[in-house]
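entry_38.cif follows (mmCIF, C-alpha atoms):
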```cif
data_data
#
loop_
_atom_site.group_PDB
_atom_site.id
_atom_site.type_symbol
_atom_site.label_atom_id
_atom_site.label_comp_id
_atom_site.auth_asym_id
_atom_site.auth_seq_id
_atom_site.Cartn_x
_atom_site.Cartn_y
_atom_site.Cartn_z
ATOM 1 C CA MET T 18 -9.479 11.331 -14.847
ATOM 2 C CA THR T 19 -7.794 12.072 -11.493
ATOM 3 C CA PHE T 20 -5.482 9.872 -9.439
ATOM 4 C CA ILE T 21 -8.357 9.273 -7.030
ATOM 5 C CA ASP T 22 -10.476 7.951 -9.905
ATOM 6 C CA ILE T 23 -7.686 5.543 -10.831
ATOM 7 C CA LEU T 24 -6.614 4.402 -7.367
ATOM 8 C CA PHE T 25 -9.954 4.327 -5.521
ATOM 9 C CA PRO T 26 -11.136 1.016 -7.071
ATOM 10 C CA LEU T 27 -7.896 -0.688 -5.964
ATOM 11 C CA ILE T 28 -8.138 0.640 -2.422
ATOM 12 C CA PHE T 29 -11.870 -0.119 -2.280
ATOM 13 C CA VAL T 30 -11.467 -3.794 -3.256
ATOM 14 C CA VAL T 31 -8.552 -4.301 -0.829
ATOM 15 C CA THR T 32 -10.633 -2.717 1.943
ATOM 16 C CA CYS T 33 -13.609 -4.950 1.145
ATOM 17 C CA GLY T 34 -11.380 -8.010 1.395
ATOM 18 C CA PHE T 35 -9.987 -6.815 4.715
ATOM 19 C CA VAL T 36 -13.452 -6.119 6.154
ATOM 20 C CA ALA T 37 -14.874 -9.422 4.861
ATOM 21 C CA ALA T 38 -12.112 -11.361 6.623
ATOM 22 C CA ARG T 39 -12.212 -9.179 9.719
ATOM 23 C CA ILE T 40 -15.936 -9.715 10.380
ATOM 24 C CA ARG T 41 -15.590 -13.343 9.247
ATOM 25 C CA PHE T 42 -18.031 -12.901 6.408
ATOM 26 C CA ILE T 43 -15.699 -15.207 4.494
ATOM 27 C CA SER T 44 -14.103 -18.203 6.195
ATOM 28 C CA ALA T 45 -10.468 -19.266 5.942
ATOM 29 C CA ALA T 46 -11.450 -22.320 3.881
ATOM 30 C CA GLN T 47 -13.428 -20.170 1.436
ATOM 31 C CA LEU T 48 -10.521 -17.739 1.154
ATOM 32 C CA ASP T 49 -8.154 -20.610 0.359
ATOM 33 C CA GLY T 50 -10.464 -21.700 -2.458
ATOM 34 C CA ILE T 51 -10.509 -18.190 -3.902
ATOM 35 C CA ARG T 52 -6.707 -18.048 -3.657
ATOM 36 C CA VAL T 53 -6.332 -21.250 -5.671
ATOM 37 C CA TYR T 54 -8.575 -19.984 -8.457
ATOM 38 C CA ILE T 55 -7.101 -16.489 -8.608
ATOM 39 C CA PHE T 56 -3.418 -17.262 -8.231
ATOM 40 C CA ASN T 57 -3.213 -20.616 -10.015
ATOM 41 C CA LEU T 58 -5.763 -20.080 -12.788
ATOM 42 C CA ALA T 59 -7.110 -16.553 -13.359
ATOM 43 C CA ILE T 60 -3.850 -14.596 -13.100
ATOM 44 C CA PRO T 61 -1.837 -17.091 -15.191
ATOM 45 C CA MET T 62 -4.578 -16.864 -17.835
ATOM 46 C CA LEU T 63 -4.378 -13.055 -17.733
ATOM 47 C CA LEU T 64 -0.584 -13.119 -18.083
ATOM 48 C CA PHE T 65 -0.792 -15.589 -20.972
ATOM 49 C CA LEU T 66 -3.285 -13.411 -22.841
ATOM 50 C CA SER T 67 -1.229 -10.266 -22.190
ATOM 51 C CA MET T 68 1.908 -11.868 -23.615
ATOM 52 C CA TYR T 69 0.032 -13.429 -26.530
ATOM 53 C CA ARG T 70 -1.478 -10.097 -27.563
ATOM 54 C CA ALA T 71 1.619 -7.963 -26.983
ATOM 55 C CA ASP T 72 2.894 -6.270 -30.137
ATOM 56 C CA LEU T 73 6.505 -7.397 -29.820
ATOM 57 C CA SER T 74 7.349 -5.901 -33.194
ATOM 58 C CA GLN T 75 7.009 -2.483 -31.569
ATOM 59 C CA VAL T 76 9.844 -3.203 -29.151
ATOM 60 C CA ALA T 77 12.295 -1.341 -31.358
ATOM 61 C CA SER T 78 13.589 1.531 -29.243
ATOM 62 C CA VAL T 79 16.556 -0.014 -27.468
ATOM 63 C CA THR T 80 17.329 3.285 -25.730
ATOM 64 C CA LEU T 81 13.834 3.486 -24.256
ATOM 65 C CA LEU T 82 14.076 -0.071 -22.925
ATOM 66 C CA LEU T 83 17.538 0.557 -21.488
ATOM 67 C CA ALA T 84 16.345 3.727 -19.727
ATOM 68 C CA PHE T 85 13.723 1.661 -17.903
ATOM 69 C CA TYR T 86 15.343 -1.733 -17.383
ATOM 70 C CA LEU T 87 18.943 -0.748 -16.576
ATOM 71 C CA PRO T 88 18.028 1.122 -13.358
ATOM 72 C CA VAL T 89 15.336 -1.444 -12.488
ATOM 73 C CA ILE T 90 17.770 -4.359 -12.678
ATOM 74 C CA ALA T 91 20.594 -2.365 -11.057
ATOM 75 C CA LEU T 92 18.389 -1.416 -8.090
ATOM 76 C CA TYR T 93 17.090 -4.989 -7.891
ATOM 77 C CA CYS T 94 20.678 -6.241 -7.560
ATOM 78 C CA LEU T 95 21.549 -3.527 -5.035
ATOM 79 C CA VAL T 96 18.581 -4.332 -2.782
ATOM 80 C CA LEU T 97 19.368 -8.034 -3.092
ATOM 81 C CA LEU T 98 22.971 -7.434 -2.055
ATOM 82 C CA VAL T 99 22.035 -5.196 0.890
ATOM 83 C CA MET T 100 19.461 -7.698 2.158
ATOM 84 C CA ARG T 101 21.961 -10.549 1.907
ATOM 85 C CA ARG T 102 25.015 -8.763 3.352
ATOM 86 C CA ARG T 103 23.554 -6.180 5.748
ATOM 87 C CA PHE T 104 20.421 -7.934 7.001
ATOM 88 C CA LYS T 105 21.620 -11.540 6.534
ATOM 89 C CA LEU T 106 18.441 -12.667 4.774
ATOM 90 C CA ALA T 107 18.250 -15.959 2.914
ATOM 91 C CA THR T 108 18.587 -15.721 -0.864
ATOM 92 C CA GLU T 109 14.883 -16.276 -1.550
ATOM 93 C CA GLU T 110 13.881 -13.642 1.021
ATOM 94 C CA ALA T 111 16.397 -11.156 -0.360
ATOM 95 C CA ALA T 112 15.130 -11.831 -3.895
ATOM 96 C CA LEU T 113 11.556 -11.090 -2.806
ATOM 97 C CA SER T 114 12.683 -7.891 -1.106
ATOM 98 C CA ALA T 115 14.378 -6.847 -4.364
ATOM 99 C CA LEU T 116 11.205 -7.657 -6.315
ATOM 100 C CA ASN T 117 9.101 -5.638 -3.857
ATOM 101 C CA GLY T 118 11.298 -2.608 -4.454
ATOM 102 C CA THR T 119 11.301 -2.752 -8.252
ATOM 103 C CA TYR T 120 8.097 -4.376 -9.584
ATOM 104 C CA SER T 121 5.578 -1.777 -10.773
ATOM 105 C CA ASN T 122 1.823 -1.943 -11.195
ATOM 106 C CA THR T 123 2.241 -0.954 -14.836
ATOM 107 C CA VAL T 124 -1.153 -2.121 -16.116
ATOM 108 C CA VAL T 125 -3.657 -1.226 -13.395
ATOM 109 C CA VAL T 126 -2.061 2.069 -12.238
ATOM 110 C CA GLY T 127 0.827 3.031 -14.517
ATOM 111 C CA LEU T 128 -1.003 2.863 -17.839
ATOM 112 C CA PRO T 129 -4.147 4.779 -16.744
ATOM 113 C CA VAL T 130 -2.046 7.511 -15.096
ATOM 114 C CA ILE T 131 0.116 7.927 -18.195
ATOM 115 C CA LEU T 132 -2.889 8.004 -20.526
ATOM 116 C CA ALA T 133 -4.653 10.548 -18.319
ATOM 117 C CA ALA T 134 -1.584 12.765 -17.932
ATOM 118 C CA LEU T 135 0.202 12.406 -21.291
ATOM 119 C CA GLY T 136 -2.473 11.277 -23.727
ATOM 120 C CA GLU T 137 -2.798 8.332 -26.080
ATOM 121 C CA GLN T 138 0.424 9.189 -27.917
ATOM 122 C CA ALA T 139 2.287 7.763 -24.923
ATOM 123 C CA ALA T 140 0.462 4.402 -25.037
ATOM 124 C CA ALA T 141 2.764 2.899 -27.697
ATOM 125 C CA MET T 142 5.806 3.477 -25.490
ATOM 126 C CA VAL T 143 4.047 1.887 -22.515
ATOM 127 C CA PHE T 144 3.289 -1.256 -24.511
ATOM 128 C CA MET T 145 6.937 -1.442 -25.564
ATOM 129 C CA ILE T 146 7.938 -1.849 -21.912
ATOM 130 C CA ILE T 147 5.095 -3.912 -20.417
ATOM 131 C CA PRO T 148 5.673 -7.244 -22.253
ATOM 132 C CA LEU T 149 9.097 -7.845 -20.667
ATOM 133 C CA HIS T 150 8.324 -6.410 -17.235
ATOM 134 C CA SER T 151 6.872 -9.452 -15.468
ATOM 135 C CA ALA T 152 8.932 -11.912 -17.499
ATOM 136 C CA VAL T 153 12.272 -10.352 -16.524
ATOM 137 C CA LEU T 154 11.638 -9.655 -12.834
ATOM 138 C CA PHE T 155 9.646 -12.784 -12.031
ATOM 139 C CA SER T 156 12.064 -15.126 -13.788
ATOM 140 C CA LEU T 157 15.023 -13.446 -12.092
ATOM 141 C CA THR T 158 13.353 -13.815 -8.695
ATOM 142 C CA PHE T 159 12.449 -17.471 -9.193
ATOM 143 C CA ILE T 160 15.951 -18.308 -10.430
ATOM 144 C CA LEU T 161 17.650 -16.600 -7.477
ATOM 145 C CA ALA T 162 15.223 -18.067 -4.948
ATOM 146 C CA GLY T 163 15.683 -21.537 -6.404
ATOM 147 C CA LYS T 164 19.465 -21.313 -6.538
ATOM 148 C CA GLY T 165 19.493 -20.503 -2.851
ATOM 149 C CA LYS T 166 18.143 -23.999 -2.213
ATOM 150 C CA GLY T 167 20.964 -25.722 -4.038
ATOM 151 C CA GLY T 168 21.077 -28.438 -6.676
ATOM 152 C CA ILE T 169 19.068 -28.060 -9.864
ATOM 153 C CA ASP T 170 15.798 -27.300 -8.079
ATOM 154 C CA TRP T 171 16.081 -23.681 -9.234
ATOM 155 C CA LEU T 172 15.132 -24.854 -12.731
ATOM 156 C CA LYS T 173 11.747 -26.201 -11.682
ATOM 157 C CA PRO T 174 9.909 -22.853 -11.258
ATOM 158 C CA LEU T 175 10.820 -21.893 -14.807
ATOM 159 C CA PHE T 176 8.855 -24.854 -16.122
ATOM 160 C CA LEU T 177 6.294 -25.710 -13.454
ATOM 161 C CA ASN T 178 5.300 -22.423 -11.795
ATOM 162 C CA PRO T 179 1.941 -21.094 -13.107
ATOM 163 C CA VAL T 180 3.240 -17.519 -13.401
ATOM 164 C CA VAL T 181 6.439 -18.215 -15.325
ATOM 165 C CA LEU T 182 4.769 -20.974 -17.346
ATOM 166 C CA SER T 183 1.906 -18.723 -18.448
ATOM 167 C CA ILE T 184 4.268 -15.901 -19.455
ATOM 168 C CA SER T 185 6.526 -18.328 -21.338
ATOM 169 C CA LEU T 186 3.649 -19.993 -23.165
ATOM 170 C CA GLY T 187 2.118 -16.622 -24.030
ATOM 171 C CA LEU T 188 5.434 -15.410 -25.446
ATOM 172 C CA LEU T 189 5.848 -18.648 -27.404
ATOM 173 C CA ALA T 190 2.336 -18.407 -28.843
ATOM 174 C CA ASN T 191 3.055 -14.792 -29.793
ATOM 175 C CA LEU T 192 6.280 -15.633 -31.609
ATOM 176 C CA LEU T 193 4.996 -18.732 -33.418
ATOM 177 C CA PRO T 194 2.560 -18.530 -36.349
ATOM 178 C CA VAL T 195 -0.286 -19.595 -34.058
ATOM 179 C CA THR T 196 -3.717 -18.000 -34.156
ATOM 180 C CA ILE T 197 -6.042 -18.744 -31.270
ATOM 181 C CA PRO T 198 -9.680 -18.764 -32.463
ATOM 182 C CA ALA T 199 -11.635 -15.649 -31.473
ATOM 183 C CA LEU T 200 -14.300 -17.753 -29.758
ATOM 184 C CA LEU T 201 -11.707 -19.415 -27.526
ATOM 185 C CA LEU T 202 -10.064 -16.056 -26.776
ATOM 186 C CA SER T 203 -13.432 -14.712 -25.672
ATOM 187 C CA GLY T 204 -13.851 -17.586 -23.235
ATOM 188 C CA MET T 205 -10.313 -17.130 -21.946
ATOM 189 C CA ASP T 206 -11.008 -13.423 -21.398
ATOM 190 C CA TRP T 207 -13.999 -14.288 -19.219
ATOM 191 C CA PHE T 208 -11.827 -16.754 -17.330
ATOM 192 C CA ALA T 209 -9.218 -14.065 -16.623
ATOM 193 C CA GLN T 210 -11.556 -11.173 -15.802
ATOM 194 C CA PRO T 211 -11.642 -11.740 -12.004
ATOM 195 C CA ALA T 212 -7.834 -11.871 -11.785
ATOM 196 C CA ILE T 213 -6.959 -8.330 -10.648
ATOM 197 C CA ALA T 214 -10.034 -7.744 -8.477
ATOM 198 C CA GLY T 215 -9.729 -11.214 -6.942
ATOM 199 C CA ALA T 216 -6.033 -10.771 -6.177
ATOM 200 C CA LEU T 217 -6.703 -7.418 -4.489
ATOM 201 C CA PHE T 218 -9.584 -8.896 -2.468
ATOM 202 C CA VAL T 219 -7.429 -11.811 -1.287
ATOM 203 C CA LEU T 220 -4.601 -9.412 -0.479
ATOM 204 C CA GLY T 221 -6.896 -7.329 1.723
ATOM 205 C CA ALA T 222 -8.224 -10.420 3.463
ATOM 206 C CA SER T 223 -4.682 -11.675 4.027
ATOM 207 C CA LEU T 224 -3.782 -8.499 5.933
ATOM 208 C CA VAL T 225 -6.099 -9.741 8.706
ATOM 209 C CA GLN T 226 -4.099 -12.965 8.892
ATOM 210 C CA TYR T 227 -0.675 -11.283 8.809
ATOM 211 C CA GLY T 228 -1.528 -8.111 10.702
ATOM 212 C CA PHE T 229 -0.495 -4.741 9.275
ATOM 213 C CA ARG T 230 1.051 -3.462 12.513
ATOM 214 C CA THR T 231 3.906 -5.943 12.237
ATOM 215 C CA VAL T 232 4.749 -5.023 8.634
ATOM 216 C CA TRP T 233 4.247 -1.255 8.533
ATOM 217 C CA TYR T 234 7.985 -0.540 8.677
ATOM 218 C CA PRO T 235 9.043 -2.946 5.880
ATOM 219 C CA ALA T 236 6.024 -1.747 3.882
ATOM 220 C CA LEU T 237 7.188 1.855 4.333
ATOM 221 C CA MET T 238 10.727 0.955 3.237
ATOM 222 C CA ILE T 239 9.321 -0.823 0.178
ATOM 223 C CA SER T 240 7.220 2.243 -0.628
ATOM 224 C CA ILE T 241 10.186 4.637 -0.343
ATOM 225 C CA ILE T 242 12.313 2.501 -2.652
ATOM 226 C CA LYS T 243 9.473 1.887 -5.085
ATOM 227 C CA LEU T 244 7.923 5.370 -5.242
ATOM 228 C CA LEU T 245 10.973 7.615 -4.829
ATOM 229 C CA ILE T 246 14.328 5.893 -5.335
ATOM 230 C CA LEU T 247 13.444 3.757 -8.372
ATOM 231 C CA PRO T 248 11.786 6.548 -10.387
ATOM 232 C CA LEU T 249 14.686 8.874 -9.515
ATOM 233 C CA CYS T 250 17.130 6.304 -10.909
ATOM 234 C CA VAL T 251 15.016 5.869 -14.053
ATOM 235 C CA TYR T 252 14.694 9.634 -14.508
ATOM 236 C CA LEU T 253 18.458 10.155 -14.223
ATOM 237 C CA THR T 254 19.172 7.274 -16.604
ATOM 238 C CA ALA T 255 16.678 8.605 -19.148
ATOM 239 C CA THR T 256 18.318 12.023 -18.896
ATOM 240 C CA LEU T 257 21.814 10.590 -19.375
ATOM 241 C CA LEU T 258 20.603 8.634 -22.413
ATOM 242 C CA ALA T 259 19.135 11.861 -23.826
ATOM 243 C CA LEU T 260 15.601 10.567 -24.223
ATOM 244 C CA GLU T 261 12.994 12.920 -25.596
ATOM 245 C CA PRO T 262 10.848 14.671 -22.935
ATOM 246 C CA LEU T 263 7.791 12.464 -23.579
ATOM 247 C CA GLN T 264 9.867 9.283 -23.417
ATOM 248 C CA ARG T 265 11.473 10.419 -20.175
ATOM 249 C CA GLN T 266 8.059 11.167 -18.704
ATOM 250 C CA VAL T 267 6.692 7.750 -19.689
ATOM 251 C CA VAL T 268 9.510 5.643 -18.229
ATOM 252 C CA THR T 269 9.630 7.717 -15.033
ATOM 253 C CA LEU T 270 5.894 7.482 -14.407
ATOM 254 C CA MET T 271 5.881 3.751 -15.122
ATOM 255 C CA SER T 272 8.627 3.185 -12.568
ATOM 256 C CA ALA T 273 6.812 5.449 -10.074
ATOM 257 C CA ALA T 274 3.699 3.253 -10.075
ATOM 258 C CA PRO T 275 3.091 1.413 -6.784
ATOM 259 C CA LEU T 276 4.115 -2.162 -6.118
ATOM 260 C CA GLY T 277 2.086 -4.525 -8.313
ATOM 261 C CA VAL T 278 -0.198 -7.079 -6.700
ATOM 262 C CA ASN T 279 1.522 -9.861 -8.657
ATOM 263 C CA ALA T 280 4.560 -9.439 -6.395
ATOM 264 C CA TYR T 281 2.329 -10.788 -3.626
ATOM 265 C CA LEU T 282 1.496 -13.712 -5.913
ATOM 266 C CA VAL T 283 5.207 -14.506 -6.289
ATOM 267 C CA ALA T 284 5.657 -14.219 -2.504
ATOM 268 C CA ARG T 285 2.899 -16.791 -2.028
ATOM 269 C CA GLN T 286 4.414 -19.083 -4.643
ATOM 270 C CA LEU T 287 7.783 -18.987 -2.838
ATOM 271 C CA SER T 288 6.247 -18.861 0.680
ATOM 272 C CA VAL T 289 8.472 -15.963 1.753
ATOM 273 C CA GLN T 290 7.914 -12.266 2.539
ATOM 274 C CA GLN T 291 4.140 -12.687 2.094
ATOM 275 C CA ALA T 292 3.145 -10.199 4.792
ATOM 276 C CA ASN T 293 5.724 -7.642 3.633
ATOM 277 C CA SER T 294 4.564 -7.919 0.023
ATOM 278 C CA ALA T 295 0.907 -7.558 0.999
ATOM 279 C CA GLY T 296 1.644 -4.530 3.163
ATOM 280 C CA GLY T 297 3.901 -3.037 0.488
ATOM 281 C CA VAL T 298 1.191 -3.280 -2.168
ATOM 282 C CA VAL T 299 -1.389 -1.581 0.049
ATOM 283 C CA LEU T 300 0.816 1.174 1.490
ATOM 284 C CA SER T 301 2.582 2.011 -1.777
ATOM 285 C CA THR T 302 -0.786 2.241 -3.534
ATOM 286 C CA LEU T 303 -2.062 4.667 -0.894
ATOM 287 C CA LEU T 304 1.116 6.767 -0.955
ATOM 288 C CA SER T 305 1.296 6.783 -4.761
ATOM 289 C CA VAL T 306 -1.469 9.391 -4.819
ATOM 290 C CA ILE T 307 1.101 11.789 -3.351
ATOM 291 C CA SER T 308 4.224 10.487 -5.094
ATOM 292 C CA LEU T 309 2.714 10.396 -8.593
ATOM 293 C CA SER T 310 1.497 13.952 -8.142
ATOM 294 C CA LEU T 311 5.036 14.917 -7.116
ATOM 295 C CA TRP T 312 6.621 13.208 -10.117
ATOM 296 C CA LEU T 313 4.142 14.791 -12.502
ATOM 297 C CA ALA T 314 5.088 18.188 -11.083
ATOM 298 C CA VAL T 315 8.815 17.430 -11.491
ATOM 299 C CA LEU T 316 8.387 16.150 -15.047
ATOM 300 C CA SER T 317 6.399 19.196 -16.096
ATOM 301 C CA ILE T 318 9.282 21.566 -15.272
#
```

Take the structure I supplied and represent it as structure tokens, if you would.
Amino acid sequence: MTFIDILFPLIFVVTCGFVAARIRFISAAQLDGIRVYIFNLAIPMLLFLSMYRADLSQVASVTLLLAFYLPVIALYCLVLLVMRRRFKLATEEAALSALNGTYSNTVVVGLPVILAALGEQAAAMVFMIIPLHSAVLFSLTFILAGKGKGGIDWLKPLFLNPVVLSISLGLLANLLPVTIPALLLSGMDWFAQPAIAGALFVLGASLVQYGFRTVWYPALMISIIKLLILPLCVYLTATLLALEPLQRQVVTLMSAAPLGVNAYLVARQLSVQQANSAGGVVLSTLLSVISLSLWLAVLSI
């Protein structure tokens, strides 16, 4: 399986959404209805199921987790600080910029690339990292964005937002001795199936509304941070922590995946940086064909 095989479906669905909105095949009202279903129902269901099924008992290699999450959180904080101090952005906008530079498409792009390049022996390490990925970065972003508004309003997203709520409930169901009946799980799977494709379609359609010309520069900056700087930081951290070659390859490739579409979901939930997130997802996905090839070449040395 080549990178084109992996990335073409993503680019194809985004393009279809863009064309459908551009030629007005789908109206704004229809698009809003799709958004509600995808972002408030389908994606939360997908996140719940992912957390519920995650094998948390396998999260045993502290060094592997540190090699991935230390540079991710450090770069998140650095981008946040630069956006606040240098560019004078509001806290919620700076938090979204930090998320855009550090949140990886670990499931749709990262996992298939790693399986194709490194084989199934690397899958266990991937599933050690994935369960905490959205939970850590999304919760951090919602907390920071909420604190910027003052008072105790920053607590509300942790309990009321569909994304954080679904991740929290999925984690709780995983930890408790709760078994969801197979028949119900099957129905929930059908409910969640349109999540990724629907989110990509809406993202493509939204580019017509926002206009890509106005966001190409922030999207390029997001792509540089996401595809080059973050994986470099992860690679150096993994080297300093003396990870085995396969472990170092896994964490580097996961961090080198393009910006995940769920970052756009968070941008919509917070009503900030929506155009930048949409453009960042599209451009980083396109450029990841080159950057992932580069990182694979570096890691094979």

> Separation of CA of Lys243 (chain T) and CA of Gln264 (chain T), in Å?
Replying inline: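 We find that CA of Lys243 (chain T) and CA of Gln264 (chain T) lie 19.8 Å from each other.
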
>> Restricting the calculation to only C-alpha atoms: of T:Val299, T:Leu27, T:Leu282, T:Val251, which residue gets closest to Ala59 (chain T)?
In response: T:Leu282

> So, counting all atoms listed in the file, which residue among T:Gln138, T:Ser223, T:Ser308, T:Asn191 is closest to Asp49 (chain T)?
Replying inline: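 For Asp49 (chain T), the nearest of the given residues is T:Ser223.
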
>> Please list as a PyMOL selection string every residue within 8 Å of Ala111 (chain T), counting all atoms listed in the file and excluding residues in the same chain fewer than 2 positions away.
In response: chain T and resi 96-98+100-101+106-109+113-115

Six-sided padding of 4 Å per side, axis-aligned box over region 22-29 of chain T, centre and edges in Å, one decimal, as JSON:
```
{"center_x": -9.2, "center_y": 3.6, "center_z": -6.6, "size_x": 13.3, "size_y": 16.6, "size_z": 16.6}
```

Starting from the shown file, work through the PyMOL selection byres ((chain T and resi 123) around 12) and note down what comes out as a short mmCIF file (atom, residue, chain, number, x, y, z; two decimals) with C-alpha atoms, keeping the file's coordinate frame.
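Output file selection-v2.cif follows:
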```
data_model
loop_
_atom_site.label_atom_id
_atom_site.label_comp_id
_atom_site.auth_asym_id
_atom_site.auth_seq_id
_atom_site.Cartn_x
_atom_site.Cartn_y
_atom_site.Cartn_z
CA THR T 119 11.30 -2.75 -8.25
CA TYR T 120 8.10 -4.38 -9.58
CA SER T 121 5.58 -1.78 -10.77
CA ASN T 122 1.82 -1.94 -11.20
CA VAL T 124 -1.15 -2.12 -16.12
CA VAL T 125 -3.66 -1.23 -13.40
CA VAL T 126 -2.06 2.07 -12.24
CA GLY T 127 0.83 3.03 -14.52
CA LEU T 128 -1.00 2.86 -17.84
CA PRO T 129 -4.15 4.78 -16.74
CA VAL T 130 -2.05 7.51 -15.10
CA ILE T 131 0.12 7.93 -18.20
CA LEU T 132 -2.89 8.00 -20.53
CA ALA T 140 0.46 4.40 -25.04
CA VAL T 143 4.05 1.89 -22.52
CA PHE T 144 3.29 -1.26 -24.51
CA MET T 145 6.94 -1.44 -25.56
CA ILE T 146 7.94 -1.85 -21.91
CA ILE T 147 5.10 -3.91 -20.42
CA PRO T 148 5.67 -7.24 -22.25
CA LEU T 149 9.10 -7.84 -20.67
CA HIS T 150 8.32 -6.41 -17.24
CA SER T 151 6.87 -9.45 -15.47
CA VAL T 267 6.69 7.75 -19.69
CA VAL T 268 9.51 5.64 -18.23
CA THR T 269 9.63 7.72 -15.03
CA LEU T 270 5.89 7.48 -14.41
CA MET T 271 5.88 3.75 -15.12
CA SER T 272 8.63 3.18 -12.57
CA ALA T 273 6.81 5.45 -10.07
CA ALA T 274 3.70 3.25 -10.07
CA PRO T 275 3.09 1.41 -6.78
CA LEU T 276 4.12 -2.16 -6.12
CA GLY T 277 2.09 -4.53 -8.31
CA VAL T 278 -0.20 -7.08 -6.70
CA ASN T 279 1.52 -9.86 -8.66
#
```

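Using only C-alpha atoms for every distance, the candidate list T:Ala45, T:Cys33, T:Val181, T:Leu313 yields T:Val181 as the residue closest to Gln286 (chain T).
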